[in-house]
Amino acid sequence: MKLSVRTRVNLPMQGVREGFTRDLFKRVNPPFPPVSIVRYDGMEKGDLIHLELNFLLFKQSWVSRISANQTSDEEFFFIDEGLVLPFFLKHWNHKHRIVKDGKSSMIIDEVNFRAPFFFADWLMWPFFYLLFLYRKPIYRRYFAGKG
C-alpha cells in the first residue's frame, strides 16, 4: 500500500534538512504506542534507526536502515527501509523528501508498506495516513521556530 502526505513549511530547503534530527524524530512520534529511540544514527546511507514500541502488555522492535540519500539544488531525500518490523508489518519503505518551494519547502512523506495479509493492508492504510497527518502541525511549528 502506498500513501503520500505533503506539508509546506516556511523555511528554505537547507534549513529543513538540517532540522531533521533526533529531536524532530522524537516530536513526530505519536502518543500511542509510546516509542523509545534505542538508536538514531541520522539520515546518511547505512545509518540505523532502532525503535521500541510499547503496547503496554508487550514491546516490539522496529529497526530501519537508511538505504539511500541524495541532495540536489531542488530536493533532498533519504529512504528508510524496515529490517526488523513489528508484527503488523512485513515491508516498510519510507522516502522522506524535502523539496525547494521558493523561499519555503515542501516535506513529502512517501510510504510503501505491506502487512502480513493483503486485507490487513487496507485496514492499516487509514492508521498510517492519520499517523502522517499527525506530523503536519508538528513540522510547521518546529520549522517555524528555526527561521
# chains A, B, ... in the order shown; residues from 1 in each chain; ligands from 1
call {"tool": "closest_atom_pairs", "arguments": {"of": "range 45-96 of chain A", "to": "range 119-134 of chain A", "cutoff": "12 Å", "atoms": "only C-alpha atoms", "output": "tab-separated table"}}
result
residue	atom	partner	partner_atom	distance
A:Phe87	CA	A:Ala120	CA	11.8
A:Phe88	CA	A:Ala120	CA	8.4
A:Leu89	CA	A:Asp121	CA	8.9
A:Lys90	CA	A:Asp121	CA	10.3
A:His91	CA	A:Asp121	CA	10.6
A:Trp92	CA	A:Phe128	CA	11.5
A:His94	CA	A:Phe132	CA	11.2
A:His96	CA	A:Phe132	CA	11.5
call {"tool": "write_last_selection", "arguments": {"atoms": "C-alpha atoms", "output": "PDB file, in the first residue's frame"}}
result
ATOM      1  CA  PHE A  87       4.206  -7.989  13.916  1.00  0.00           C
ATOM      2  CA  PHE A  88       1.699  -5.933  11.911  1.00  0.00           C
ATOM      3  CA  LEU A  89       4.152  -5.171   9.078  1.00  0.00           C
ATOM      4  CA  LYS A  90       6.146  -7.286   6.648  1.00  0.00           C
ATOM      5  CA  HIS A  91       7.501  -4.447   4.438  1.00  0.00           C
ATOM      6  CA  TRP A  92       8.322  -0.774   5.086  1.00  0.00           C
ATOM      7  CA  HIS A  94       9.601   5.496   3.646  1.00  0.00           C
ATOM      8  CA  HIS A  96      11.421  11.487   3.180  1.00  0.00           C
TER       9      HIS A  96
END
call {"tool": "residues_around", "arguments": {"residues": "range 66-82 of chain A", "least_positions_apart": "3", "cutoff": "7 Å", "atoms": "only C-alpha atoms", "output": "number ranges by chain"}}
result
A: 43-48, 63, 85, 91-100
call {"tool": "atom_distance", "arguments": {"atom1": "CA of Leu83 in chain A", "atom2": "CA of Pro33 in chain A"}}
result
19.7 Å
call {"tool": "select_by_dssp", "arguments": {"residues": "chain A", "states": "helix (DSSP H, G or I)", "output": "NGL selection string"}}
result
:A and (13-19 or 22-28 or 118-144)
call {"tool": "atom_distance", "arguments": {"atom1": "CA of Arg8 in chain A", "atom2": "CA of Met106 in chain A"}}
result
4.4 Å
call {"tool": "closest_residue", "arguments": {"among": "A:Pro86, A:Pro116, A:Pro137, A:Gly102", "to": "Pro12 in chain A", "atoms": "only C-alpha atoms"}}
result
A:Gly102
call {"tool": "select_by_dssp", "arguments": {"residues": "range 1-49 of chain A", "states": "strand (DSSP E or B)", "output": "PyMOL selection string"}}
result
chain A and resi 2-9+35-40+48-49
call {"tool": "write_last_selection", "arguments": {"atoms": "N, CA and C atoms", "output": "mmCIF file, in the first residue's frame"}}
result
data_model
loop_
_atom_site.group_PDB
_atom_site.id
_atom_site.type_symbol
_atom_site.label_atom_id
_atom_site.label_comp_id
_atom_site.auth_asym_id
_atom_site.auth_seq_id
_atom_site.Cartn_x
_atom_site.Cartn_y
_atom_site.Cartn_z
ATOM 1 N N LYS A 2 0.421 2.246 -0.696
ATOM 2 C CA LYS A 2 1.177 3.486 -0.776
ATOM 3 C C LYS A 2 0.358 4.630 -0.206
ATOM 4 N N LEU A 3 1.080 5.569 0.380
ATOM 5 C CA LEU A 3 0.443 6.809 0.805
ATOM 6 C C LEU A 3 1.460 7.923 0.696
ATOM 7 N N SER A 4 0.957 9.132 0.561
ATOM 8 C CA SER A 4 1.812 10.312 0.443
ATOM 9 C C SER A 4 1.139 11.470 1.167
ATOM 10 N N VAL A 5 1.927 12.170 1.996
ATOM 11 C CA VAL A 5 1.426 13.333 2.714
ATOM 12 C C VAL A 5 2.411 14.473 2.513
ATOM 13 N N ARG A 6 1.886 15.648 2.135
ATOM 14 C CA ARG A 6 2.709 16.835 1.865
ATOM 15 C C ARG A 6 2.459 17.895 2.920
ATOM 16 N N THR A 7 3.548 18.536 3.355
ATOM 17 C CA THR A 7 3.441 19.612 4.347
ATOM 18 C C THR A 7 4.356 20.756 3.924
ATOM 19 N N ARG A 8 3.781 21.930 3.714
ATOM 20 C CA ARG A 8 4.584 23.116 3.396
ATOM 21 C C ARG A 8 5.061 23.747 4.694
ATOM 22 N N VAL A 9 6.358 24.064 4.743
ATOM 23 C CA VAL A 9 6.934 24.741 5.899
ATOM 24 C C VAL A 9 7.658 25.993 5.423
ATOM 25 N N VAL A 35 6.972 5.385 22.064
ATOM 26 C CA VAL A 35 8.139 4.937 21.302
ATOM 27 C C VAL A 35 9.407 5.371 22.025
ATOM 28 N N SER A 36 10.306 4.422 22.232
ATOM 29 C CA SER A 36 11.636 4.726 22.757
ATOM 30 C C SER A 36 12.619 4.643 21.608
ATOM 31 N N ILE A 37 13.470 5.639 21.507
ATOM 32 C CA ILE A 37 14.502 5.613 20.484
ATOM 33 C C ILE A 37 15.726 4.926 21.087
ATOM 34 N N VAL A 38 15.982 3.713 20.621
ATOM 35 C CA VAL A 38 17.112 2.933 21.103
ATOM 36 C C VAL A 38 18.391 3.398 20.409
ATOM 37 N N ARG A 39 18.268 3.673 19.114
ATOM 38 C CA ARG A 39 19.423 4.112 18.329
ATOM 39 C C ARG A 39 18.930 5.019 17.209
ATOM 40 N N TYR A 40 19.634 6.124 17.004
ATOM 41 C CA TYR A 40 19.321 7.029 15.901
ATOM 42 C C TYR A 40 20.647 7.555 15.359
ATOM 43 N N LEU A 48 21.422 3.552 10.950
ATOM 44 C CA LEU A 48 20.355 2.731 11.519
ATOM 45 C C LEU A 48 19.499 3.545 12.472
ATOM 46 N N ILE A 49 18.225 3.177 12.507
ATOM 47 C CA ILE A 49 17.271 3.737 13.453
ATOM 48 C C ILE A 49 16.592 2.539 14.114
#
call {"tool": "atom_distance", "arguments": {"atom1": "CA of Ile138 in chain A", "atom2": "CA of His50 in chain A"}}
result
21.6 Å
call {"tool": "decode", "arguments": {"residues": "range 115-126 of chain A", "atoms": "N, CA and C atoms", "output": "mmCIF file, in the first residue's frame"}}
result
data_model
loop_
_atom_site.group_PDB
_atom_site.id
_atom_site.type_symbol
_atom_site.label_atom_id
_atom_site.label_comp_id
_atom_site.auth_asym_id
_atom_site.auth_seq_id
_atom_site.Cartn_x
_atom_site.Cartn_y
_atom_site.Cartn_z
ATOM 1 N N ALA A 115 1.326 -5.276 5.054
ATOM 2 C CA ALA A 115 1.020 -6.040 6.260
ATOM 3 C C ALA A 115 1.185 -7.527 5.925
ATOM 4 N N PRO A 116 1.170 -8.382 6.927
ATOM 5 C CA PRO A 116 1.350 -9.812 6.658
ATOM 6 C C PRO A 116 0.255 -10.415 5.773
ATOM 7 N N PHE A 117 -0.934 -9.832 5.792
ATOM 8 C CA PHE A 117 -2.042 -10.332 4.983
ATOM 9 C C PHE A 117 -2.592 -9.192 4.136
ATOM 10 N N PHE A 118 -2.930 -9.478 2.902
ATOM 11 C CA PHE A 118 -3.361 -8.444 1.958
ATOM 12 C C PHE A 118 -4.504 -7.590 2.512
ATOM 13 N N PHE A 119 -5.528 -8.229 3.060
ATOM 14 C CA PHE A 119 -6.671 -7.450 3.569
ATOM 15 C C PHE A 119 -6.249 -6.515 4.698
ATOM 16 N N ALA A 120 -5.213 -6.880 5.439
ATOM 17 C CA ALA A 120 -4.741 -6.028 6.536
ATOM 18 C C ALA A 120 -4.122 -4.734 6.011
ATOM 19 N N ASP A 121 -3.602 -4.757 4.766
ATOM 20 C CA ASP A 121 -3.093 -3.520 4.161
ATOM 21 C C ASP A 121 -4.169 -2.444 4.172
ATOM 22 N N TRP A 122 -5.370 -2.831 3.808
ATOM 23 C CA TRP A 122 -6.477 -1.876 3.739
ATOM 24 C C TRP A 122 -6.883 -1.386 5.120
ATOM 25 N N LEU A 123 -6.744 -2.237 6.111
ATOM 26 C CA LEU A 123 -7.054 -1.824 7.487
ATOM 27 C C LEU A 123 -5.978 -0.907 8.053
ATOM 28 N N MET A 124 -4.727 -1.132 7.660
ATOM 29 C CA MET A 124 -3.606 -0.337 8.178
ATOM 30 C C MET A 124 -3.489 1.023 7.493
ATOM 31 N N TRP A 125 -3.957 1.133 6.252
ATOM 32 C CA TRP A 125 -3.779 2.373 5.494
ATOM 33 C C TRP A 125 -4.337 3.591 6.241
ATOM 34 N N PRO A 126 -5.576 3.569 6.739
ATOM 35 C CA PRO A 126 -6.084 4.761 7.458
ATOM 36 C C PRO A 126 -5.256 5.080 8.699
#
